[in-house]
file upload_35.pdb (PDB, C-alpha atoms, pLDDT in the B column)
ATOM      1  CA  MET A   2      -5.521 -13.697 -20.123  1.00 59.00           C
ATOM      2  CA  ARG A   3      -2.582 -11.506 -21.106  1.00 79.00           C
ATOM      3  CA  GLU A   4       0.675 -11.562 -19.217  1.00 93.00           C
ATOM      4  CA  ILE A   5       0.798  -8.907 -16.514  1.00 96.00           C
ATOM      5  CA  GLN A   6       3.474  -6.273 -17.130  1.00 97.00           C
ATOM      6  CA  TYR A   7       5.244  -4.497 -14.274  1.00 98.00           C
ATOM      7  CA  LYS A   8       6.628  -0.994 -14.763  1.00 97.00           C
ATOM      8  CA  ARG A   9       8.069   1.883 -12.824  1.00 97.00           C
ATOM      9  CA  LEU A  10       5.415   4.607 -12.933  1.00 98.00           C
ATOM     10  CA  ASP A  11       6.223   7.655 -15.033  1.00 97.00           C
ATOM     11  CA  ASP A  12       4.463  10.136 -17.322  1.00 95.00           C
ATOM     12  CA  ASN A  13       4.416   7.569 -20.153  1.00 96.00           C
ATOM     13  CA  CYS A  14       2.318   4.990 -18.288  1.00 97.00           C
ATOM     14  CA  PHE A  15       0.490   6.852 -15.519  1.00 97.00           C
ATOM     15  CA  ASN A  16      -1.659   9.992 -15.368  1.00 97.00           C
ATOM     16  CA  ALA A  17      -4.552  11.540 -13.441  1.00 96.00           C
ATOM     17  CA  HIS A  18      -7.054   9.198 -15.179  1.00 97.00           C
ATOM     18  CA  SER A  19      -5.053   5.979 -14.890  1.00 97.00           C
ATOM     19  CA  LEU A  20      -7.169   4.693 -11.985  1.00 98.00           C
ATOM     20  CA  ASP A  21     -10.529   5.397 -13.653  1.00 97.00           C
ATOM     21  CA  SER A  22     -11.215   1.659 -14.097  1.00 96.00           C
ATOM     22  CA  PHE A  23      -9.503   0.567 -10.862  1.00 97.00           C
ATOM     23  CA  VAL A  24     -11.775  -1.385  -8.495  1.00 96.00           C
ATOM     24  CA  ARG A  25     -10.966  -0.709  -4.833  1.00 95.00           C
ATOM     25  CA  HIS A  26     -13.795  -2.675  -3.284  1.00 93.00           C
ATOM     26  CA  GLN A  27     -13.715  -4.620  -0.060  1.00 92.00           C
ATOM     27  CA  ASP A  28     -16.512  -6.007   2.094  1.00 92.00           C
ATOM     28  CA  VAL A  29     -15.142  -5.678   5.613  1.00 94.00           C
ATOM     29  CA  THR A  30     -16.684  -7.620   8.477  1.00 95.00           C
ATOM     30  CA  GLU A  31     -13.987  -7.453  11.181  1.00 97.00           C
ATOM     31  CA  CYS A  32     -11.086  -5.150  12.004  1.00 96.00           C
ATOM     32  CA  TRP A  33      -8.126  -5.430  14.336  1.00 97.00           C
ATOM     33  CA  ARG A  34      -8.158  -3.107  17.343  1.00 96.00           C
ATOM     34  CA  GLU A  35      -5.823  -2.792  20.286  1.00 92.00           C
ATOM     35  CA  VAL A  36      -7.819  -3.432  23.463  1.00 93.00           C
ATOM     36  CA  ASP A  37      -6.076  -3.572  26.846  1.00 95.00           C
ATOM     37  CA  ASN A  38      -2.687  -3.871  25.103  1.00 92.00           C
ATOM     38  CA  LYS A  39      -3.838  -6.885  23.054  1.00 95.00           C
ATOM     39  CA  TRP A  40      -4.787  -7.039  19.388  1.00 95.00           C
ATOM     40  CA  VAL A  41      -8.273  -8.472  18.901  1.00 95.00           C
ATOM     41  CA  LEU A  42     -10.686  -8.788  15.993  1.00 95.00           C
ATOM     42  CA  VAL A  43     -13.864  -6.800  16.529  1.00 95.00           C
ATOM     43  CA  PRO A  44     -17.003  -6.699  14.390  1.00 96.00           C
ATOM     44  CA  ASN A  45     -16.897  -3.616  12.164  1.00 94.00           C
ATOM     45  CA  PRO A  46     -18.956  -4.231   9.030  1.00 94.00           C
ATOM     46  CA  PHE A  47     -18.631  -1.707   6.211  1.00 93.00           C
ATOM     47  CA  ILE A  48     -17.889  -1.562   2.509  1.00 93.00           C
ATOM     48  CA  GLU A  49     -14.749   0.144   1.242  1.00 92.00           C
ATOM     49  CA  ASP A  50     -15.480   1.259  -2.290  1.00 94.00           C
ATOM     50  CA  TRP A  51     -13.640   4.045  -4.091  1.00 95.00           C
ATOM     51  CA  THR A  52     -15.629   6.313  -6.374  1.00 96.00           C
ATOM     52  CA  ILE A  53     -14.135   7.495  -9.662  1.00 96.00           C
ATOM     53  CA  GLU A  54     -13.566  10.865  -7.960  1.00 97.00           C
ATOM     54  CA  GLN A  55     -11.566   9.193  -5.174  1.00 97.00           C
ATOM     55  CA  CYS A  56      -9.574   7.241  -7.772  1.00 97.00           C
ATOM     56  CA  ARG A  57      -8.725  10.488  -9.564  1.00 97.00           C
ATOM     57  CA  VAL A  58      -7.644  12.228  -6.347  1.00 97.00           C
ATOM     58  CA  ILE A  59      -5.322   9.307  -5.573  1.00 97.00           C
ATOM     59  CA  ALA A  60      -4.015   9.217  -9.160  1.00 97.00           C
ATOM     60  CA  GLU A  61      -3.374  12.975  -9.107  1.00 97.00           C
ATOM     61  CA  ASN A  62      -1.518  12.592  -5.818  1.00 97.00           C
ATOM     62  CA  ILE A  63       0.665   9.843  -7.294  1.00 98.00           C
ATOM     63  CA  VAL A  64       1.370  11.966 -10.386  1.00 97.00           C
ATOM     64  CA  GLN A  65       2.335  14.908  -8.166  1.00 96.00           C
ATOM     65  CA  HIS A  66       4.798  12.830  -6.138  1.00 97.00           C
ATOM     66  CA  MET A  67       6.158  10.277  -8.611  1.00 91.00           C
ATOM     67  CA  ASN A  68       9.825  10.638  -9.389  1.00 76.00           C
ATOM     68  CA  GLN A  69      10.088  13.618  -7.036  1.00 91.00           C
ATOM     69  CA  ASP A  70       9.706  12.372  -3.465  1.00 97.00           C
ATOM     70  CA  GLN A  71       8.139   8.974  -4.195  1.00 98.00           C
ATOM     71  CA  THR A  72       8.744   6.087  -6.562  1.00 98.00           C
ATOM     72  CA  GLY A  73       5.802   4.148  -7.910  1.00 98.00           C
ATOM     73  CA  PHE A  74       5.380   0.769  -9.537  1.00 98.00           C
ATOM     74  CA  GLY A  75       2.408  -0.537 -11.450  1.00 98.00           C
ATOM     75  CA  ALA A  76       1.034  -3.850 -12.648  1.00 98.00           C
ATOM     76  CA  PHE A  77      -0.659  -3.574 -16.033  1.00 98.00           C
ATOM     77  CA  ASP A  78      -3.059  -5.777 -17.966  1.00 96.00           C
ATOM     78  CA  GLY A  79      -2.537  -4.257 -21.382  1.00 95.00           C
ATOM     79  CA  GLU A  80      -2.814  -0.492 -20.831  1.00 93.00           C
ATOM     80  CA  ARG A  81      -4.959  -0.860 -17.696  1.00 96.00           C
ATOM     81  CA  ILE A  82      -3.283  -0.472 -14.306  1.00 98.00           C
ATOM     82  CA  ILE A  83      -4.479  -3.256 -12.035  1.00 98.00           C
ATOM     83  CA  GLY A  84      -2.144  -2.775  -9.089  1.00 98.00           C
ATOM     84  CA  PHE A  85       0.226  -0.161  -7.765  1.00 98.00           C
ATOM     85  CA  ALA A  86       2.642   0.579  -4.960  1.00 98.00           C
ATOM     86  CA  THR A  87       4.431   3.796  -4.059  1.00 98.00           C
ATOM     87  CA  VAL A  88       7.377   4.320  -1.732  1.00 98.00           C
ATOM     88  CA  SER A  89       8.367   7.590  -0.069  1.00 98.00           C
ATOM     89  CA  HIS A  90      11.951   8.795  -0.446  1.00 98.00           C
ATOM     90  CA  HIS A  91      11.895  10.277   3.079  1.00 97.00           C
ATOM     91  CA  ILE A  92      13.932   8.203   5.542  1.00 97.00           C
ATOM     92  CA  PHE A  93      12.814   8.414   9.172  1.00 97.00           C
ATOM     93  CA  GLY A  94      13.206   6.592  12.473  1.00 96.00           C
ATOM     94  CA  GLU A  95      15.388   6.572  15.533  1.00 94.00           C
ATOM     95  CA  THR A  96      16.067   2.823  15.777  1.00 89.00           C
ATOM     96  CA  ALA A  97      16.015   1.960  12.082  1.00 87.00           C
ATOM     97  CA  ASN A  98      16.043   3.620   8.685  1.00 95.00           C
ATOM     98  CA  TYR A  99      12.411   3.399   7.622  1.00 98.00           C
ATOM     99  CA  VAL A 100      10.754   4.467   4.380  1.00 98.00           C
ATOM    100  CA  GLU A 101       6.994   4.417   4.025  1.00 98.00           C
ATOM    101  CA  LEU A 102       4.994   2.237   1.697  1.00 98.00           C
ATOM    102  CA  VAL A 103       2.565   5.050   0.857  1.00 98.00           C
ATOM    103  CA  CYS A 104       0.124   3.225  -1.440  1.00 97.00           C
ATOM    104  CA  PHE A 105      -0.347  -0.473  -2.027  1.00 98.00           C
ATOM    105  CA  GLN A 106      -3.439  -1.670  -3.890  1.00 97.00           C
ATOM    106  CA  VAL A 107      -4.550  -4.415  -6.272  1.00 97.00           C
ATOM    107  CA  SER A 108      -7.823  -4.074  -8.197  1.00 97.00           C
ATOM    108  CA  GLU A 109     -10.448  -6.420  -6.765  1.00 96.00           C
ATOM    109  CA  GLU A 110     -10.764  -8.809  -9.712  1.00 95.00           C
ATOM    110  CA  TYR A 111      -6.960  -9.326  -9.842  1.00 96.00           C
ATOM    111  CA  ARG A 112      -6.357 -10.208  -6.193  1.00 95.00           C
ATOM    112  CA  HIS A 113      -4.924 -13.575  -5.100  1.00 94.00           C
ATOM    113  CA  ARG A 114      -2.762 -13.941  -8.237  1.00 95.00           C
ATOM    114  CA  GLY A 115       0.621 -12.877  -6.803  1.00 96.00           C
ATOM    115  CA  ILE A 116       0.413  -9.346  -8.216  1.00 97.00           C
ATOM    116  CA  GLY A 117       0.598  -7.721  -4.786  1.00 97.00           C
ATOM    117  CA  ARG A 118       3.573  -9.890  -3.829  1.00 98.00           C
ATOM    118  CA  LYS A 119       5.482  -8.783  -6.952  1.00 98.00           C
ATOM    119  CA  LEU A 120       4.656  -5.093  -6.391  1.00 98.00           C
ATOM    120  CA  PHE A 121       5.663  -5.420  -2.737  1.00 98.00           C
ATOM    121  CA  ALA A 122       9.012  -6.923  -3.765  1.00 98.00           C
ATOM    122  CA  MET A 123       9.574  -4.017  -6.174  1.00 98.00           C
ATOM    123  CA  ALA A 124       8.769  -1.540  -3.386  1.00 98.00           C
ATOM    124  CA  CYS A 125      11.207  -3.329  -1.073  1.00 98.00           C
ATOM    125  CA  GLY A 126      13.934  -3.167  -3.714  1.00 98.00           C
ATOM    126  CA  GLU A 127      13.396   0.578  -4.040  1.00 98.00           C
ATOM    127  CA  ALA A 128      13.463   1.010  -0.255  1.00 98.00           C
ATOM    128  CA  LEU A 129      16.820  -0.773  -0.111  1.00 98.00           C
ATOM    129  CA  GLN A 130      18.209   1.477  -2.848  1.00 97.00           C
ATOM    130  CA  LEU A 131      17.065   4.492  -0.835  1.00 97.00           C
ATOM    131  CA  GLY A 132      19.102   3.248   2.143  1.00 97.00           C
ATOM    132  CA  ALA A 133      16.287   1.888   4.297  1.00 97.00           C
ATOM    133  CA  ASP A 134      16.510  -1.065   6.688  1.00 97.00           C
ATOM    134  CA  LYS A 135      12.752  -1.439   7.007  1.00 98.00           C
ATOM    135  CA  LEU A 136       9.605  -0.642   5.092  1.00 98.00           C
ATOM    136  CA  TYR A 137       6.955   1.119   7.196  1.00 98.00           C
ATOM    137  CA  ILE A 138       3.275   0.512   6.526  1.00 98.00           C
ATOM    138  CA  SER A 139       0.245   2.235   8.029  1.00 98.00           C
ATOM    139  CA  GLY A 140      -2.046  -0.596   7.019  1.00 97.00           C
ATOM    140  CA  HIS A 141      -5.831  -0.930   6.838  1.00 96.00           C
ATOM    141  CA  SER A 142      -7.025  -2.743   9.967  1.00 97.00           C
ATOM    142  CA  SER A 143      -9.436  -5.118   8.202  1.00 96.00           C
ATOM    143  CA  LYS A 144      -8.911  -8.812   8.800  1.00 96.00           C
ATOM    144  CA  GLU A 145      -8.306  -9.368   5.072  1.00 94.00           C
ATOM    145  CA  SER A 146      -5.743  -6.579   4.690  1.00 95.00           C
ATOM    146  CA  GLN A 147      -3.846  -7.640   7.799  1.00 97.00           C
ATOM    147  CA  THR A 148      -3.862 -11.279   6.621  1.00 96.00           C
ATOM    148  CA  ALA A 149      -2.313 -10.131   3.329  1.00 95.00           C
ATOM    149  CA  TYR A 150       0.393  -8.103   5.105  1.00 97.00           C
ATOM    150  CA  ALA A 151       1.164 -11.021   7.424  1.00 97.00           C
ATOM    151  CA  ALA A 152       1.512 -13.334   4.400  1.00 96.00           C
ATOM    152  CA  LEU A 153       4.120 -10.903   3.033  1.00 97.00           C
ATOM    153  CA  GLY A 154       6.069 -11.131   6.303  1.00 98.00           C
ATOM    154  CA  CYS A 155       5.026  -7.822   7.864  1.00 98.00           C
ATOM    155  CA  LYS A 156       4.980  -7.475  11.657  1.00 98.00           C
ATOM    156  CA  HIS A 157       3.793  -4.820  14.078  1.00 97.00           C
ATOM    157  CA  ALA A 158       6.181  -1.860  13.906  1.00 97.00           C
ATOM    158  CA  GLU A 159       8.787  -1.701  16.638  1.00 96.00           C
ATOM    159  CA  GLU A 160       8.890   2.074  16.287  1.00 96.00           C
ATOM    160  CA  ILE A 161       5.666   3.993  15.667  1.00 96.00           C
ATOM    161  CA  ASN A 162       5.605   6.979  13.326  1.00 97.00           C
ATOM    162  CA  GLU A 163       3.243   9.148  15.367  1.00 96.00           C
ATOM    163  CA  ILE A 164       2.374  11.414  12.422  1.00 96.00           C
ATOM    164  CA  LEU A 165       1.171   8.471  10.325  1.00 96.00           C
ATOM    165  CA  ALA A 166      -0.563   6.813  13.292  1.00 96.00           C
ATOM    166  CA  GLU A 167      -2.452  10.011  14.152  1.00 96.00           C
ATOM    167  CA  ALA A 168      -3.434  10.588  10.496  1.00 96.00           C
ATOM    168  CA  GLU A 169      -5.114   7.144  10.342  1.00 95.00           C
ATOM    169  CA  PRO A 170      -5.894   6.173  13.955  1.00 94.00           C
ATOM    170  CA  PHE A 171      -7.569   2.872  13.030  1.00 95.00           C
ATOM    171  CA  ASP A 172      -4.681   1.680  10.846  1.00 97.00           C
ATOM    172  CA  VAL A 173      -2.260  -0.939  12.146  1.00 97.00           C
ATOM    173  CA  GLN A 174       1.336   0.282  12.135  1.00 98.00           C
ATOM    174  CA  LEU A 175       3.518  -2.374  10.509  1.00 98.00           C
ATOM    175  CA  GLU A 176       7.065  -2.905   9.338  1.00 98.00           C
ATOM    176  CA  TYR A 177       8.900  -5.219   7.021  1.00 98.00           C
ATOM    177  CA  ILE A 178      12.598  -5.939   7.528  1.00 98.00           C
ATOM    178  CA  LEU A 179      14.432  -5.553   4.225  1.00 97.00           C
TER     179      LEU A 179
END
call {"tool": "encode", "arguments": {"input": "upload_35.pdb", "output": "structure tokens"}}
result
Amino acid sequence: MREIQYKRLDDNCFNAHSLDSFVRHQDVTECWREVDNKWVLVPNPFIEDWTIEQCRVIAENIVQHMNQDQTGFGAFDGERIIGFATVSHHIFGETANYVELVCFQVSEEYRHRGIGRKLFAMACGEALQLGADKLYISGHSSKESQTAYAALGCKHAEEINEILAEAEPFDVQLEYIL
């Protein structure tokens, strides 16, 4: 196996077809839901699986925003992107200076190798440079995704960004203190 390379995303290493071989697949069995002011795991079986069209829409969105109002980082195995994270440049919040972790994904066959942890650290470094105190995450509610965020040190957000929460009502709103 080649050494994984980490790069800031730009026009030289990322384009609208960069995610064509990316595998966003997850077999979900349980998701976290807030019930009577308590977080509980509930059965919610489904398969999350991006099509090539979905990958291209996401890649085009990253291209549109990178180095304008978002900064992106990628993990590469050769020329193939196998993980990515993007951070918004928009600071928000009344009690803290938050920036959003917009995208955070590792291709299925590369998970559990520390790639996500490295990309997360790069995103946190960028958030600090932008003047943030905390990283804000509207995270997938699956048991596996929430376990990964908890392992990174993320907690439930003290302040909820209502726009993000309404856009993805089943996501769990998280924060990470920088």
call {"tool": "closest_residue", "arguments": {"input": "upload_35.pdb", "among": "A:Gln130, A:Thr52, A:Ser139, A:Asn62", "to": "A:Ile92", "atoms": "all atoms listed in the file"}}
result
A:Gln130
call {"tool": "resolve_selection", "arguments": {"input": "upload_35.pdb", "expression": "the PyMOL selection byres ((chain A and resi 71) around 8)", "output": "MDAnalysis selection string"}}
result
chainID A and resid 66:70 72:73 87:90
call {"tool": "resolve_selection", "arguments": {"input": "upload_35.pdb", "expression": "the PyMOL selection byres ((chain A and resi 30) around 7)", "output": "mmCIF file with C-alpha atoms, in the frame of the given file"}}
result
data_model
loop_
_atom_site.group_PDB
_atom_site.id
_atom_site.type_symbol
_atom_site.label_atom_id
_atom_site.label_comp_id
_atom_site.auth_asym_id
_atom_site.auth_seq_id
_atom_site.Cartn_x
_atom_site.Cartn_y
_atom_site.Cartn_z
ATOM 1 C CA ASP A 28 -16.512 -6.007 2.094
ATOM 2 C CA VAL A 29 -15.142 -5.678 5.613
ATOM 3 C CA GLU A 31 -13.987 -7.453 11.181
ATOM 4 C CA PRO A 44 -17.003 -6.699 14.390
ATOM 5 C CA ASN A 45 -16.897 -3.616 12.164
ATOM 6 C CA PRO A 46 -18.956 -4.231 9.030
ATOM 7 C CA PHE A 47 -18.631 -1.707 6.211
#
call {"tool": "closest_residue", "arguments": {"input": "upload_35.pdb", "among": "A:Val58, A:Ile161, A:Ala97, A:Ala124", "to": "A:Gly75", "atoms": "only C-alpha atoms"}}
result
A:Ala124
call {"tool": "closest_residue", "arguments": {"input": "upload_35.pdb", "among": "A:His91, A:His26, A:Leu153, A:Ile63", "to": "A:Ile48", "atoms": "all atoms listed in the file"}}
result
A:His26
call {"tool": "closest_residue", "arguments": {"input": "upload_35.pdb", "among": "A:Ala168, A:Ile59, A:Trp51, A:Lys156", "to": "A:Ala17", "atoms": "only C-alpha atoms"}}
result
A:Ile59
call {"tool": "resolve_selection", "arguments": {"input": "upload_35.pdb", "expression": "the PyMOL selection byres ((chain A and resi 20) around 12)", "output": "MDAnalysis selection string"}}
result
chainID A and resid 14:19 21:25 51:64 75:77 80:85 106:108
call {"tool": "residues_near_point", "arguments": {"input": "upload_35.pdb", "point": "(8.0, -3.1, -15.3)", "cutoff": "10 Å", "atoms": "all atoms listed in the file", "output": "mmCIF file with C-alpha atoms, keeping the file's coordinate frame"}}
result
data_model
loop_
_atom_site.group_PDB
_atom_site.id
_atom_site.type_symbol
_atom_site.label_atom_id
_atom_site.label_comp_id
_atom_site.auth_asym_id
_atom_site.auth_seq_id
_atom_site.Cartn_x
_atom_site.Cartn_y
_atom_site.Cartn_z
ATOM 1 C CA ILE A 5 0.798 -8.907 -16.514
ATOM 2 C CA GLN A 6 3.474 -6.273 -17.130
ATOM 3 C CA TYR A 7 5.244 -4.497 -14.274
ATOM 4 C CA LYS A 8 6.628 -0.994 -14.763
ATOM 5 C CA ARG A 9 8.069 1.883 -12.824
ATOM 6 C CA LEU A 10 5.415 4.607 -12.933
ATOM 7 C CA PHE A 74 5.380 0.769 -9.537
ATOM 8 C CA GLY A 75 2.408 -0.537 -11.450
ATOM 9 C CA ALA A 76 1.034 -3.850 -12.648
ATOM 10 C CA PHE A 77 -0.659 -3.574 -16.033
ATOM 11 C CA LEU A 120 4.656 -5.093 -6.391
ATOM 12 C CA MET A 123 9.574 -4.017 -6.174
#
call {"tool": "atom_distance", "arguments": {"input": "upload_35.pdb", "atom1": "atom CA of A:Glu160", "atom2": "atom CA of A:Lys119"}}
result
25.9 Å
call {"tool": "closest_residue", "arguments": {"input": "upload_35.pdb", "among": "A:Trp40, A:Gln27, A:Leu131, A:Glu145", "to": "A:His157", "atoms": "only C-alpha atoms"}}
result
A:Trp40
call {"tool": "atom_distance", "arguments": {"input": "upload_35.pdb", "atom1": "atom CA of A:Asp78", "atom2": "atom CA of A:Glu4"}}
result
7.0 Å
call {"tool": "closest_residue", "arguments": {"input": "upload_35.pdb", "among": "A:Val103, A:Gly94, A:Glu109, A:Leu129", "to": "A:Glu163", "atoms": "only C-alpha atoms"}}
result
A:Gly94
call {"tool": "atom_distance", "arguments": {"input": "upload_35.pdb", "atom1": "atom CA of A:Gly115", "atom2": "atom CA of A:Gln147"}}
result
16.1 Å
call {"tool": "residues_around", "arguments": {"input": "upload_35.pdb", "residues": "A:Tyr137", "least_positions_apart": "3", "cutoff": "8 Å", "atoms": "only C-alpha atoms", "output": "PyMOL selection string"}}
result
chain A and resi 99-102+158+174-177
call {"tool": "axis_aligned_box", "arguments": {"input": "upload_35.pdb", "around": "stretch 93-111 of chain A", "padding_each_side": "8 Å", "output": "lines of an AutoDock Vina configuration file"}}
result
center_x = 2.7
center_y = -0.5
center_z = 3.0
size_x = 42.8
size_y = 33.7
size_z = 41.6
